[in-house]
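K.L.:
What follows is model_39.txt; its format and atoms are compact mmCIF, C-alpha atoms.
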# COMPACT_ATOMS: atom_id res chain seq x y z
CA MET R 19 -21.12 -2.28 73.31
CA THR R 20 -19.47 0.10 70.85
CA ASN R 21 -21.19 2.22 68.27
CA GLU R 22 -20.40 0.46 64.94
CA ASP R 23 -20.49 3.76 63.00
CA ASN R 24 -17.49 5.02 64.90
CA SER R 25 -15.63 1.70 65.12
CA ARG R 26 -12.78 0.51 62.94
CA ARG R 27 -15.08 -2.01 61.31
CA GLY R 28 -17.51 0.73 60.40
CA PHE R 29 -14.71 2.76 58.86
CA LEU R 30 -13.47 -0.22 56.85
CA LYS R 31 -16.97 -0.95 55.65
CA LYS R 32 -17.31 2.59 54.40
CA ALA R 33 -13.87 2.44 52.79
CA ALA R 34 -14.73 -0.83 51.04
CA ALA R 35 -18.02 0.63 49.84
CA ALA R 36 -16.21 3.73 48.57
CA VAL R 37 -13.70 1.57 46.66
CA GLY R 38 -16.60 -0.34 45.13
CA VAL R 39 -18.37 2.84 44.09
CA VAL R 40 -15.20 4.33 42.60
CA ALA R 41 -14.45 1.09 40.73
CA ALA R 42 -17.99 0.93 39.35
CA ALA R 43 -17.80 4.57 38.28
CA GLY R 44 -14.44 3.92 36.64
CA VAL R 45 -15.78 0.95 34.73
CA THR R 46 -18.81 2.90 33.56
CA ALA R 47 -16.75 5.89 32.48
CA LYS R 48 -14.17 3.78 30.67
CA THR R 49 -16.86 1.75 28.98
CA LEU R 50 -18.65 4.84 27.77
CA ILE R 51 -15.43 6.29 26.41
CA SER R 52 -14.09 3.16 24.76
CA ALA R 53 -17.27 1.45 23.57
CA PRO R 54 -17.71 1.71 19.81
CA SER R 55 -19.87 4.63 18.85
CA ASP R 56 -22.88 4.02 16.67
CA SER R 57 -22.80 7.53 15.34
CA VAL R 58 -22.69 7.34 11.54
CA SER R 59 -21.23 10.83 11.29
CA SER R 60 -18.29 9.98 13.54
CA GLU R 61 -17.60 6.82 11.52
CA SER R 62 -17.68 8.85 8.33
CA ALA R 63 -15.38 11.41 9.89
CA LYS R 64 -12.91 8.68 10.81
CA TYR R 65 -13.02 7.34 7.27
CA VAL R 66 -12.52 10.80 5.79
CA ASN R 67 -9.62 11.26 8.16
CA ASP R 68 -8.05 8.06 6.80
CA GLY R 69 -8.44 9.48 3.29
CA HIS R 70 -6.80 12.74 4.31
CA LEU R 71 -3.95 10.83 5.88
CA GLN R 72 -3.39 9.06 2.58
CA GLN R 73 -3.44 12.39 0.77
CA LYS R 74 -0.92 13.76 3.25
CA VAL R 75 1.33 10.72 2.85
CA MET R 76 1.13 10.79 -0.92
CA SER R 77 1.65 14.54 -1.19
CA GLN R 78 5.12 14.16 0.27
CA LYS R 79 6.38 11.68 -2.28
CA GLN R 80 8.78 12.20 -5.07
CA TYR R 81 8.90 9.91 -8.05
CA VAL R 82 11.93 9.65 -10.28
CA LEU R 83 12.30 8.15 -13.72
CA MET R 84 14.18 4.89 -13.84
CA THR R 85 17.04 4.26 -16.18
CA ASP R 86 17.02 1.08 -18.26
CA ASN R 87 19.45 -0.46 -15.81
CA GLU R 88 17.25 0.34 -12.86
CA LYS R 89 14.21 -1.11 -14.59
CA GLU R 90 16.08 -4.30 -15.31
CA GLN R 91 17.36 -4.59 -11.76
CA MET R 92 13.89 -3.97 -10.36
CA LEU R 93 12.29 -6.58 -12.59
CA ASN R 94 15.00 -9.12 -11.75
CA GLU R 95 14.48 -8.51 -8.04
CA ILE R 96 10.71 -8.89 -8.35
CA LEU R 97 10.99 -12.10 -10.36
CA SER R 98 13.66 -13.66 -8.15
CA ASN R 99 11.64 -12.84 -5.04
CA HIS R 100 8.56 -14.35 -6.65
CA TYR R 101 10.33 -17.63 -7.39
CA LYS R 102 11.78 -17.62 -3.89
CA GLU R 103 8.27 -17.21 -2.45
CA LEU R 104 6.95 -20.02 -4.61
CA ALA R 105 9.76 -22.31 -3.52
CA MET P 27 -6.64 -4.32 78.80
CA SER P 28 -9.98 -2.97 79.97
CA GLU P 29 -13.01 -5.23 80.21
CA GLU P 30 -14.61 -3.46 77.27
CA ARG P 31 -11.59 -3.96 74.98
CA LYS P 32 -11.36 -7.61 76.02
CA GLU P 33 -14.99 -8.03 75.07
CA ILE P 34 -14.44 -6.45 71.64
CA ALA P 35 -11.38 -8.60 71.04
CA LYS P 36 -13.38 -11.68 71.94
CA VAL P 37 -16.23 -10.76 69.65
CA THR P 38 -14.03 -9.81 66.69
CA GLU P 39 -11.52 -12.63 67.11
CA GLY P 40 -12.93 -14.64 64.26
CA VAL P 41 -13.75 -11.58 62.22
CA GLN P 42 -10.18 -10.34 61.62
CA GLU P 43 -9.57 -12.85 58.81
CA THR P 44 -12.92 -12.18 57.19
CA ARG P 45 -12.37 -8.46 57.13
CA ARG P 46 -8.98 -8.83 55.49
CA ASP P 47 -10.43 -11.23 52.99
CA LEU P 48 -13.27 -8.88 52.27
CA LEU P 49 -10.85 -6.05 51.58
CA LYS P 50 -8.73 -8.30 49.42
CA TYR P 51 -11.73 -9.37 47.39
CA VAL P 52 -12.99 -5.82 47.00
CA GLY P 53 -9.58 -4.63 45.87
CA LEU P 54 -9.17 -7.52 43.47
CA ALA P 55 -12.65 -7.15 42.06
CA GLY P 56 -12.14 -3.42 41.58
CA ALA P 57 -8.86 -3.88 39.77
CA THR P 58 -10.22 -6.67 37.62
CA ALA P 59 -13.31 -4.68 36.75
CA LEU P 60 -11.22 -1.64 35.85
CA MET P 61 -8.96 -3.65 33.57
CA ALA P 62 -11.39 -6.06 32.00
CA GLY P 63 -14.50 -3.91 32.02
CA PRO P 64 -13.95 -1.79 28.94
CA ALA P 65 -12.63 -4.67 26.87
CA GLY P 66 -15.51 -6.90 27.86
CA ALA P 67 -18.01 -4.18 27.30
CA GLU P 68 -16.54 -3.43 23.89
CA ALA P 69 -16.62 -7.08 22.91
CA ALA P 70 -20.18 -7.36 24.10
CA ALA P 71 -21.17 -4.20 22.23
CA SER P 72 -19.53 -5.44 19.02
CA ALA P 73 -21.22 -8.79 19.42
CA VAL P 74 -24.58 -7.17 19.93
CA SER P 75 -24.19 -4.85 16.94
CA ALA P 76 -22.88 -7.68 14.77
CA THR P 77 -25.74 -10.02 15.57
CA ALA P 78 -28.28 -7.22 15.29
CA ALA P 79 -27.13 -6.64 11.73
CA ILE P 80 -28.32 -10.01 10.47
CA ASN P 81 -31.40 -12.11 10.88
CA PRO P 82 -31.61 -13.96 14.20
CA ALA P 83 -31.95 -17.17 12.20
CA ASP P 84 -28.46 -16.61 10.85
CA ALA P 85 -26.87 -15.95 14.23
CA ASP P 86 -25.40 -19.46 14.28
CA SER P 87 -23.53 -18.70 11.10
CA THR P 88 -22.05 -15.63 12.68
CA ILE P 89 -20.87 -17.47 15.77
CA THR P 90 -19.38 -20.17 13.56
CA GLU P 91 -17.65 -17.49 11.54
CA TRP P 92 -16.16 -16.00 14.68
CA LEU P 93 -14.77 -19.35 15.65
CA GLN P 94 -13.45 -20.39 12.25
CA GLY P 95 -9.72 -20.58 11.56
CA HIS P 96 -7.58 -18.97 8.87
CA TYR P 97 -9.04 -19.92 5.51
CA VAL P 98 -5.68 -20.91 4.02
CA LEU P 99 -5.14 -23.43 6.81
CA MET P 100 -8.61 -25.01 6.59
CA SER P 101 -9.16 -28.51 5.25
CA ASP P 102 -11.09 -28.87 1.99
CA GLU P 103 -14.16 -29.95 3.92
CA GLU P 104 -13.97 -26.95 6.25
CA LYS P 105 -13.55 -24.63 3.28
CA LYS P 106 -16.61 -26.07 1.58
CA LYS P 107 -18.70 -25.67 4.72
CA CYS P 108 -17.45 -22.12 5.14
CA ILE P 109 -18.28 -21.18 1.54
CA ASP P 110 -21.74 -22.80 1.77
CA ARG P 111 -22.43 -20.92 4.99
CA LEU P 112 -21.40 -17.59 3.51
CA GLU P 113 -23.36 -18.09 0.31
CA LYS P 114 -26.45 -18.97 2.32
CA ARG P 115 -26.08 -15.98 4.60
CA TYR P 116 -25.34 -13.44 1.85
CA SER P 117 -28.19 -14.77 -0.29
CA ALA P 118 -30.60 -14.36 2.63
CA GLN P 119 -29.19 -11.00 3.67
CA TYR P 120 -29.21 -9.38 0.22
CA GLY P 121 -32.20 -11.23 -1.22
CA LYS P 122 -30.36 -12.51 -4.29
CA LYS P 123 -28.45 -15.65 -5.17
CA THR P 124 -24.88 -14.90 -4.14
CA THR P 125 -21.86 -16.99 -5.01
CA VAL P 126 -18.63 -16.98 -3.03
CA SER P 127 -15.80 -18.39 -5.11
CA ASP P 128 -12.53 -19.68 -3.73
CA ALA P 129 -10.93 -20.12 -7.14
CA PRO P 130 -7.24 -20.89 -6.62
CA PRO P 131 -4.35 -18.76 -7.91
CA LEU P 132 -3.46 -19.18 -11.59
CA GLU P 133 -0.40 -21.25 -12.48
CA GLY P 134 2.69 -19.43 -13.72
CA VAL P 135 1.30 -15.94 -13.25
CA LEU P 136 2.65 -12.88 -11.45
CA PHE P 137 0.30 -9.97 -11.88
CA GLY P 138 1.56 -6.49 -12.66
CA TYR P 139 -0.27 -3.25 -13.41
CA ALA P 140 0.86 -0.19 -15.32
CA LEU P 141 -0.79 3.21 -15.52
CA ASP P 142 0.00 5.92 -18.08
CA ILE P 143 -0.18 9.22 -16.20
CA ALA P 144 0.05 11.11 -19.46
CA LYS P 145 -3.25 9.58 -20.54
CA CYS P 146 -5.23 9.63 -17.28
CA ILE P 147 -7.83 12.41 -17.36
CA GLY P 148 -8.92 12.18 -13.72
CA CYS P 149 -12.52 11.23 -14.52
CA ARG P 150 -12.69 8.77 -11.62
CA SER P 151 -14.51 6.16 -13.73
CA CYS P 152 -12.09 3.62 -12.28
CA VAL P 153 -12.97 4.66 -8.74
CA HIS P 154 -16.69 4.20 -9.26
CA ALA P 155 -16.28 0.95 -11.19
CA CYS P 156 -14.16 -0.35 -8.31
CA VAL P 157 -16.76 0.61 -5.69
CA LYS P 158 -19.49 -1.10 -7.70
CA GLU P 159 -17.53 -4.26 -8.48
CA ASN P 160 -16.08 -4.77 -5.03
CA ASN P 161 -19.19 -4.26 -2.88
CA GLN P 162 -17.74 -1.31 -1.03
CA SER P 163 -19.78 0.77 1.41
CA ARG P 164 -21.94 3.11 -0.70
CA HIS P 165 -22.79 5.95 1.63
CA ASP P 166 -21.94 7.30 5.07
CA PRO P 167 -19.21 6.66 4.10
CA GLU P 168 -18.53 5.59 0.52
CA ILE P 169 -15.36 3.59 0.82
CA GLN P 170 -13.05 3.96 -2.17
CA TRP P 171 -9.97 1.84 -2.75
CA ILE P 172 -8.63 4.15 -5.46
CA GLN P 173 -7.75 7.74 -4.68
CA VAL P 174 -7.05 9.99 -7.69
CA MET P 175 -4.50 12.70 -7.01
CA LYS P 176 -4.56 15.94 -8.96
CA ILE P 177 -1.04 17.27 -9.43
CA GLU P 178 0.19 20.48 -11.03
CA LYS P 179 1.95 19.93 -14.32
CA GLY P 180 4.92 21.96 -13.14
CA ASN P 181 5.73 19.16 -10.71
CA PHE P 182 6.74 16.88 -13.54
CA SER P 183 9.94 17.10 -15.56
CA PHE P 184 12.61 14.87 -17.04
CA SER P 185 15.55 14.91 -19.41
CA ALA P 186 15.13 12.23 -22.03
CA ASP P 187 18.78 12.42 -23.06
CA LYS P 188 19.91 11.23 -19.63
CA LEU P 189 17.65 8.21 -19.47
CA ASP P 190 20.31 5.69 -20.36
CA GLU P 191 22.85 7.14 -18.01
CA GLY P 192 23.43 5.75 -14.59
CA TYR P 193 27.05 4.68 -14.87
CA PRO P 194 29.94 6.13 -12.88
CA GLN P 195 31.12 9.13 -14.86
CA PRO P 196 33.58 11.93 -14.23
CA SER P 197 31.98 14.97 -12.68
CA LYS P 198 33.20 18.39 -11.70
CA PHE P 199 34.24 16.80 -8.41
CA GLY P 200 36.56 14.40 -10.21
CA ASP P 201 36.33 10.80 -11.25
CA HIS P 202 35.37 9.12 -8.01
CA GLY P 203 33.03 6.56 -9.44
CA VAL P 204 30.00 8.60 -8.43
CA GLN P 205 26.99 8.08 -10.65
CA VAL P 206 25.80 11.19 -12.39
CA GLY P 207 22.99 9.83 -14.51
CA GLY P 208 19.69 8.45 -13.35
CA ASN P 209 20.34 7.83 -9.72
CA ALA P 210 19.41 9.04 -6.29
CA TYR P 211 21.83 11.99 -6.44
CA SER P 212 20.81 13.29 -9.80
CA PRO P 213 17.68 11.70 -11.21
CA VAL P 214 17.04 12.12 -14.89
CA GLY P 215 13.64 13.49 -14.16
CA GLY P 216 10.90 13.31 -11.64
CA LEU P 217 7.50 14.01 -10.36
CA SER P 218 6.80 15.70 -7.07
CA THR P 219 3.41 15.14 -5.51
CA HIS P 220 3.74 18.33 -3.48
CA GLY P 221 0.44 20.19 -3.19
CA THR P 222 -1.59 17.29 -4.53
CA GLN P 223 -5.36 17.30 -4.11
CA SER P 224 -7.44 14.15 -3.85
CA TYR P 225 -10.79 15.77 -3.24
CA TYR P 226 -11.06 17.93 -6.34
CA ASP P 227 -14.50 18.67 -7.67
CA ALA P 228 -14.07 20.02 -11.17
CA GLU P 229 -16.99 20.34 -13.58
CA THR P 230 -14.92 19.03 -16.44
CA VAL P 231 -11.72 17.01 -16.55
CA PRO P 232 -8.91 17.11 -17.38
CA GLU P 233 -8.27 20.56 -15.96
CA LYS P 234 -5.69 22.71 -17.68
CA ASP P 235 -2.24 22.61 -16.05
CA PHE P 236 -2.96 19.47 -14.06
CA PHE P 237 -2.35 15.80 -14.48
CA TYR P 238 -3.80 12.92 -12.52
CA MET P 239 -2.35 10.00 -10.66
CA PRO P 240 -4.70 7.30 -9.32
CA VAL P 241 -3.31 5.53 -6.25
CA GLN P 242 -4.44 2.11 -5.08
CA CYS P 243 -2.79 -0.91 -3.48
CA GLN P 244 0.55 -1.31 -5.23
CA GLN P 245 0.70 -5.08 -4.56
CA CYS P 246 4.28 -4.82 -3.32
CA GLU P 247 6.48 -7.82 -3.95
CA LYS P 248 7.87 -7.36 -0.44
CA PRO P 249 4.82 -5.92 1.29
CA PRO P 250 5.40 -4.19 4.65
CA CYS P 251 1.72 -4.62 5.54
CA VAL P 252 2.17 -8.39 5.47
CA LYS P 253 5.23 -8.19 7.69
CA VAL P 254 3.46 -6.25 10.43
CA CYS P 255 0.22 -8.22 10.58
CA PRO P 256 0.29 -9.87 14.03
CA VAL P 257 -2.11 -12.66 13.04
CA ARG P 258 -1.10 -13.16 9.41
CA ALA P 259 -4.57 -12.28 8.23
CA THR P 260 -2.98 -10.49 5.30
CA PHE P 261 -0.63 -12.40 3.04
CA ARG P 262 0.87 -12.50 -0.44
CA ASP P 263 -0.72 -15.09 -2.72
CA PRO P 264 1.21 -17.08 -5.37
CA ASN P 265 0.12 -14.58 -8.05
CA GLY P 266 1.77 -11.78 -6.10
CA ILE P 267 -1.50 -10.24 -4.86
CA VAL P 268 -1.72 -9.17 -1.22
CA LEU P 269 -4.95 -10.55 0.21
CA ILE P 270 -6.84 -10.36 3.50
CA ASP P 271 -8.85 -13.05 5.28
CA TYR P 272 -11.58 -10.74 6.59
CA ASN P 273 -12.69 -13.30 9.15
CA TRP P 274 -9.21 -13.64 10.56
CA CYS P 275 -8.44 -9.89 10.66
CA ILE P 276 -8.52 -8.47 14.18
CA GLY P 277 -8.76 -4.84 13.03
CA CYS P 278 -5.58 -3.64 14.73
CA ARG P 279 -4.77 -1.35 11.75
CA MET P 280 -1.04 -2.06 11.91
CA CYS P 281 -1.07 -2.77 8.17
CA GLN P 282 -2.65 0.60 7.50
CA LEU P 283 0.16 2.31 9.35
CA ALA P 284 2.80 0.24 7.58
CA CYS P 285 1.55 0.89 4.04
CA PRO P 286 3.74 3.57 2.41
CA TYR P 287 0.88 4.45 0.04
CA GLY P 288 -1.97 4.70 2.55
CA ALA P 289 -3.85 2.29 0.33
CA ARG P 290 -5.73 0.34 2.98
CA ARG P 291 -9.23 1.15 4.19
CA PHE P 292 -10.71 0.31 7.57
CA ASN P 293 -14.38 -0.37 8.14
CA TRP P 294 -15.07 1.93 11.05
CA GLY P 295 -18.72 1.04 10.89
CA LYS P 296 -20.90 -1.56 9.28
CA PRO P 297 -20.62 -1.01 5.51
CA ASN P 298 -23.78 0.35 3.89
CA LEU P 299 -24.36 -1.88 0.91
CA PRO P 300 -27.91 -1.70 -0.50
CA SER P 301 -29.22 -5.05 -1.74
CA GLU P 302 -30.00 -3.72 -5.21
CA GLU P 303 -26.41 -2.52 -5.65
CA MET P 304 -24.72 -5.64 -4.32
CA ASN P 305 -22.57 -7.58 -6.80
CA PRO P 306 -23.53 -11.23 -6.16
CA LYS P 307 -20.48 -12.70 -7.87
CA THR P 308 -17.88 -12.66 -5.11
CA HIS P 309 -14.63 -14.23 -4.01
CA TYR P 310 -13.75 -15.20 -0.44
CA PHE P 311 -10.59 -13.04 -0.44
CA GLY P 312 -12.02 -10.40 -2.70
CA ASN P 313 -15.30 -8.58 -2.96
CA ARG P 314 -17.55 -10.50 -0.59
CA PRO P 315 -19.33 -8.13 1.81
CA ARG P 316 -17.09 -7.13 4.68
CA MET P 317 -18.02 -6.61 8.29
CA ARG P 318 -17.36 -3.82 10.75
CA GLY P 319 -13.86 -3.58 12.19
CA VAL P 320 -11.87 -5.21 9.40
CA MET P 321 -9.38 -3.91 6.87
CA GLU P 322 -9.95 -3.97 3.12
CA LYS P 323 -8.12 -2.87 -0.02
CA CYS P 324 -7.67 -3.39 -3.75
CA THR P 325 -7.03 -7.00 -4.78
CA PHE P 326 -6.70 -6.31 -8.53
CA CYS P 327 -10.29 -7.70 -8.58
CA ILE P 328 -9.27 -11.21 -7.61
CA GLN P 329 -12.80 -12.47 -8.36
CA ARG P 330 -12.19 -11.49 -11.98
CA THR P 331 -8.46 -11.97 -12.49
CA ARG P 332 -8.50 -15.55 -11.20
CA GLU P 333 -10.93 -16.22 -14.02
CA ASN P 334 -8.64 -14.64 -16.62
CA ARG P 335 -10.61 -11.39 -16.74
CA ASN P 336 -9.28 -7.85 -16.38
CA PRO P 337 -9.84 -5.75 -13.24
CA ALA P 338 -12.96 -3.56 -13.27
CA CYS P 339 -10.94 -0.31 -13.12
CA LEU P 340 -9.12 -1.23 -16.32
CA GLU P 341 -12.35 -2.02 -18.15
CA ALA P 342 -13.89 1.25 -16.99
CA CYS P 343 -11.01 3.49 -18.07
CA PRO P 344 -12.29 5.49 -21.09
CA VAL P 345 -8.82 6.47 -22.32
CA GLY P 346 -6.96 3.17 -21.99
CA ALA P 347 -4.51 4.50 -19.43
CA ARG P 348 -4.44 1.22 -17.54
CA LYS P 349 -2.63 -1.96 -18.55
CA PHE P 350 -2.63 -5.28 -16.73
CA GLY P 351 -0.74 -8.47 -17.31
CA ASN P 352 1.59 -11.25 -16.35
CA LEU P 353 5.08 -10.14 -15.37
CA LEU P 354 6.40 -13.65 -16.07
CA ASP P 355 5.40 -13.34 -19.72
CA PRO P 356 7.87 -11.19 -21.72
CA GLU P 357 5.15 -10.62 -24.34
CA SER P 358 2.62 -9.18 -21.88
CA ASP P 359 1.63 -5.48 -22.01
CA VAL P 360 3.18 -4.78 -18.63
CA ARG P 361 6.53 -6.32 -19.53
CA LYS P 362 6.60 -4.41 -22.83
CA ILE P 363 5.87 -1.17 -20.99
CA LEU P 364 8.68 -1.88 -18.53
CA ALA P 365 11.01 -2.53 -21.42
CA THR P 366 10.13 0.43 -23.61
CA LYS P 367 8.47 3.24 -21.62
CA LYS P 368 9.63 5.82 -19.11
CA VAL P 369 8.72 4.26 -15.79
CA PHE P 370 8.76 5.96 -12.38
CA ARG P 371 9.87 4.71 -9.03
CA LEU P 372 9.58 6.34 -5.62
CA LYS P 373 12.65 8.43 -4.91
CA GLU P 374 12.62 7.29 -1.30
CA GLU P 375 12.99 3.60 -2.02
CA PHE P 376 11.28 1.52 0.65
CA ASN P 377 12.55 -1.74 -0.80
CA THR P 378 8.96 -2.89 -1.19
CA PHE P 379 9.09 -3.44 -4.98
CA PRO P 380 5.56 -2.42 -5.93
CA LYS P 381 4.07 -4.18 -8.94
CA PHE P 382 1.99 -1.15 -9.88
CA PHE P 383 4.00 1.01 -12.26
CA TYR P 384 3.41 4.61 -13.31
CA TYR P 385 4.75 5.49 -16.72
CA VAL P 386 4.56 8.03 -19.50
CA GLY P 387 3.97 6.76 -23.02
Would you mind giving the structure from this file in structure tokens?
P.N.:
Amino acid sequence: MTNEDNSRRGFLKKAAAAVGVVAAAGVTAKTLISAPSDSVSSESAKYVNDGHLQQKVMSQKQYVLMTDNEKEQMLNEILSNHYKELA
Amino acid sequence: MSEERKEIAKVTEGVQETRRDLLKYVGLAGATALMAGPAGAEAAASAVSATAAINPADADSTITEWLQGHYVLMSDEEKKKCIDRLEKRYSAQYGKKTTVSDAPPLEGVLFGYALDIAKCIGCRSCVHACVKENNQSRHDPEIQWIQVMKIEKGNFSFSADKLDEGYPQPSKFGDHGVQVGGNAYSPVGGLSTHGTQSYYDAETVPEKDFFYMPVQCQQCEKPPCVKVCPVRATFRDPNGIVLIDYNWCIGCRMCQLACPYGARRFNWGKPNLPSEEMNPKTHYFGNRPRMRGVMEKCTFCIQRTRENRNPACLEACPVGARKFGNLLDPESDVRKILATKKVFRLKEEFNTFPKFFYYVG
């Protein structure tokens, strides 16, 4: 008889158990990281961050006045697209 | 082979396959758990939090809501059931008779909005009226669909005498057909939003040397948010309004990234809407209470405009800076403004053709 602790089967058993433990730990860790947080403050922070992003986006814009021609072209494009959508 | 080895081989002869299988299964299970675990856990967590938010008696409604299709594609009978279900649930949840309308788009109407930045005083009455009308989250956080930007007056200038230019004219570089009037190379005037502040907290408004520019969904005629939605939860309705089916939205936030105006808001958490502040007159695509994990934005108050009423922000404006109307009607306020006032466009044209116009009177 061989001592199972020192045999190949024993080693494989331990390896399989180790894989299982690592996988379970991985799942737990990933779940904890990715699961939605119930923290109200973190949700508020995310929302505020969205607002700041909008401010950042909008603070880099430049508006120009349209000439009469441009206004006419824009309106024509909007109306023709609208009728196209309806059709 | 020694006797001992022969004995081991004999004993483990049938075990070889089992051991390999065992390893295979362990490996497979590990990989599957690693890949599916977080997603499953997240789904389970969302499900738990969603069901915990309502009465257990209404849980069936919630499950049915999860399984329902896109509202636009539903049959009339399915729509009716859906509306009844929502009305019942909201009425129970908020303790008041709540109606969910699905009034159809108006015939022969294309909505447009115009805002006079020379008149706006930055009082944020429109913001608060919008929050109240559209059942937005009230605290932690208060979700606002309108963001008012405070801009220094020095950022705004224009030359009235060049307004009608825009034709190829000779320049110092010669007559090469290059436009010198109102065009991308030499605009007649402009407004830079550099250094803008959205979170100002002044005791009195308007502040000296500043003007104000409220920003909300611009209801683009060619909306980029609609193009990027992977499930078509957001779409342009026949009145030109960009709407969202909250029950069909998967919360991927692609539309938020695509919007050039940052006008969309995501419900990171369950909205906090106290019963006493809830507006019970709602529309399916408009101001009905939203859930966690979905996108929302201005709809020009669809629950009002589809009943020939003005948006709440317009009614709240104390200085009459806001005008709303039908772009198909040449006699409407918006069309008259487009025809006679100095109207702005974004210098960096995104080819989205917003139907929200900023002008100076």
K.L.:
Find the distance between atom CA of Phe350 of chain P and atom CA of Pro380 of chain P and write it in Å to one decimal.
P.N.:
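These atoms are spaced 13.9 Å apart.
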K.L.:
From the list P:Tyr225, P:Thr325, P:Arg111, P:Asp271, which residue is nearest Tyr97 of chain P when using all atoms listed in the file?
P.N.:
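Residue with the minimum atom-to-atom distance to Tyr97 of chain P: P:Asp271.
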K.L.:
Given all atoms listed in the file as the basis, pick out the residue of R:Arg27, R:Gln91, R:Gln72, R:Lys102 nearest to chain P.
P.N.:
R:Gln72
K.L.:
Counting all atoms listed in the file, what is within 7 Å of Ser163 of chain P, bar same-chain residues fewer than 5 positions away, as a list in words?
P.N.:
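So, after excluding close chain neighbours, the residues are Glu168, Ile169, Pro297, Asn298 and Leu299 of chain P.
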K.L.:
Calculate how many Å separate atom CA of Gln245 of chain P from atom CA of Asp166 of chain P, rounding to one decimal.
P.N.:
27.5 Å
K.L.:
Separation of atom CA of Met239 of chain P and atom CA of His220 of chain P, in Å?
P.N.:
12.6 Å
K.L.:
Could you check the closest approach to chain R for each of P:Arg332, P:Lys323, P:Lys362, P:Lys248 and tell me which residue wins, using all atoms listed in the file?
P.N.:
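Closest to chain R, using all atoms listed in the file: P:Lys248.
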K.L.:
Hey, could you make a per-residue contact list for chain R against chain P with 7 Å as the cut-off, showing the nearest pair of atoms and its distance in Å to one decimal, counting all atoms listed in the file, sorted by chain and number, as a Markdown table?
P.N.:
| residue | atom | partner | partner_atom | distance |
| --- | --- | --- | --- | --- |
| R:Ala34 | CA | P:Leu49 | CA | 6.5 |
| R:Gly38 | CA | P:Gly56 | CA | 6.5 |
| R:Ala41 | CA | P:Gly56 | CA | 5.1 |
| R:Gly44 | CA | P:Leu60 | CA | 6.5 |
| R:Val45 | CA | P:Leu60 | CA | 5.4 |
| R:Lys48 | CA | P:Pro64 | CA | 5.8 |
| R:Thr49 | CA | P:Pro64 | CA | 4.6 |
| R:Ser52 | CA | P:Pro64 | CA | 6.5 |
| R:Ala53 | CA | P:Glu68 | CA | 4.9 |
| R:Pro54 | CA | P:Glu68 | CA | 6.7 |
| R:Val58 | CA | P:Asp166 | CA | 6.5 |
| R:Glu61 | CA | P:Trp294 | CA | 5.5 |
| R:Ser62 | CA | P:Pro167 | CA | 5.0 |
| R:Tyr65 | CA | P:Trp294 | CA | 6.9 |
| R:Gln72 | CA | P:Gly288 | CA | 4.6 |
| R:Gln73 | CA | P:Ser224 | CA | 6.4 |
| R:Val75 | CA | P:Gly288 | CA | 6.9 |
| R:Met76 | CA | P:Tyr287 | CA | 6.4 |
| R:Ser77 | CA | P:Thr219 | CA | 4.7 |
| R:Gln78 | CA | P:His220 | CA | 5.8 |
| R:Lys79 | CA | P:Thr219 | CA | 5.6 |
| R:Gln80 | CA | P:Ser218 | CA | 4.5 |
| R:Tyr81 | CA | P:Leu372 | CA | 4.4 |
| R:Val82 | CA | P:Gly216 | CA | 4.0 |
| R:Leu83 | CA | P:Phe370 | CA | 4.4 |
| R:Met84 | CA | P:Phe370 | CA | 5.7 |
| R:Thr85 | CA | P:Leu189 | CA | 5.2 |
| R:Asp86 | CA | P:Asp190 | CA | 6.0 |
| R:Lys89 | CA | P:Leu364 | CA | 6.8 |
| R:Ile96 | CA | P:Glu247 | CA | 6.2 |
| R:Leu104 | CA | P:Pro264 | CA | 6.5 |
K.L.:
Can you take the partial segment 106-113 of chain P, add N, CA and C atoms, and return it as an mmCIF file, in the coordinates of the input?
P.N.:
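The result, written out as result06.cif:
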data_model
loop_
_atom_site.group_PDB
_atom_site.id
_atom_site.type_symbol
_atom_site.label_atom_id
_atom_site.label_comp_id
_atom_site.auth_asym_id
_atom_site.auth_seq_id
_atom_site.Cartn_x
_atom_site.Cartn_y
_atom_site.Cartn_z
ATOM 1 N N LYS P 106 -15.326 -25.901 2.261
ATOM 2 C CA LYS P 106 -16.610 -26.070 1.580
ATOM 3 C C LYS P 106 -17.752 -25.620 2.496
ATOM 4 N N LYS P 107 -17.656 -26.049 3.763
ATOM 5 C CA LYS P 107 -18.700 -25.670 4.720
ATOM 6 C C LYS P 107 -18.744 -24.150 4.873
ATOM 7 N N CYS P 108 -17.556 -23.568 4.952
ATOM 8 C CA CYS P 108 -17.450 -22.120 5.140
ATOM 9 C C CYS P 108 -18.082 -21.372 3.964
ATOM 10 N N ILE P 109 -17.751 -21.825 2.750
ATOM 11 C CA ILE P 109 -18.280 -21.180 1.540
ATOM 12 C C ILE P 109 -19.809 -21.328 1.489
ATOM 13 N N ASP P 110 -20.289 -22.563 1.787
ATOM 14 C CA ASP P 110 -21.740 -22.800 1.770
ATOM 15 C C ASP P 110 -22.442 -21.871 2.750
ATOM 16 N N ARG P 111 -21.846 -21.743 3.931
ATOM 17 C CA ARG P 111 -22.430 -20.920 4.990
ATOM 18 C C ARG P 111 -22.519 -19.446 4.545
ATOM 19 N N LEU P 112 -21.423 -18.985 3.953
ATOM 20 C CA LEU P 112 -21.400 -17.590 3.510
ATOM 21 C C LEU P 112 -22.398 -17.340 2.383
ATOM 22 N N GLU P 113 -22.439 -18.261 1.443
ATOM 23 C CA GLU P 113 -23.360 -18.090 0.310
ATOM 24 C C GLU P 113 -24.802 -18.038 0.804
#
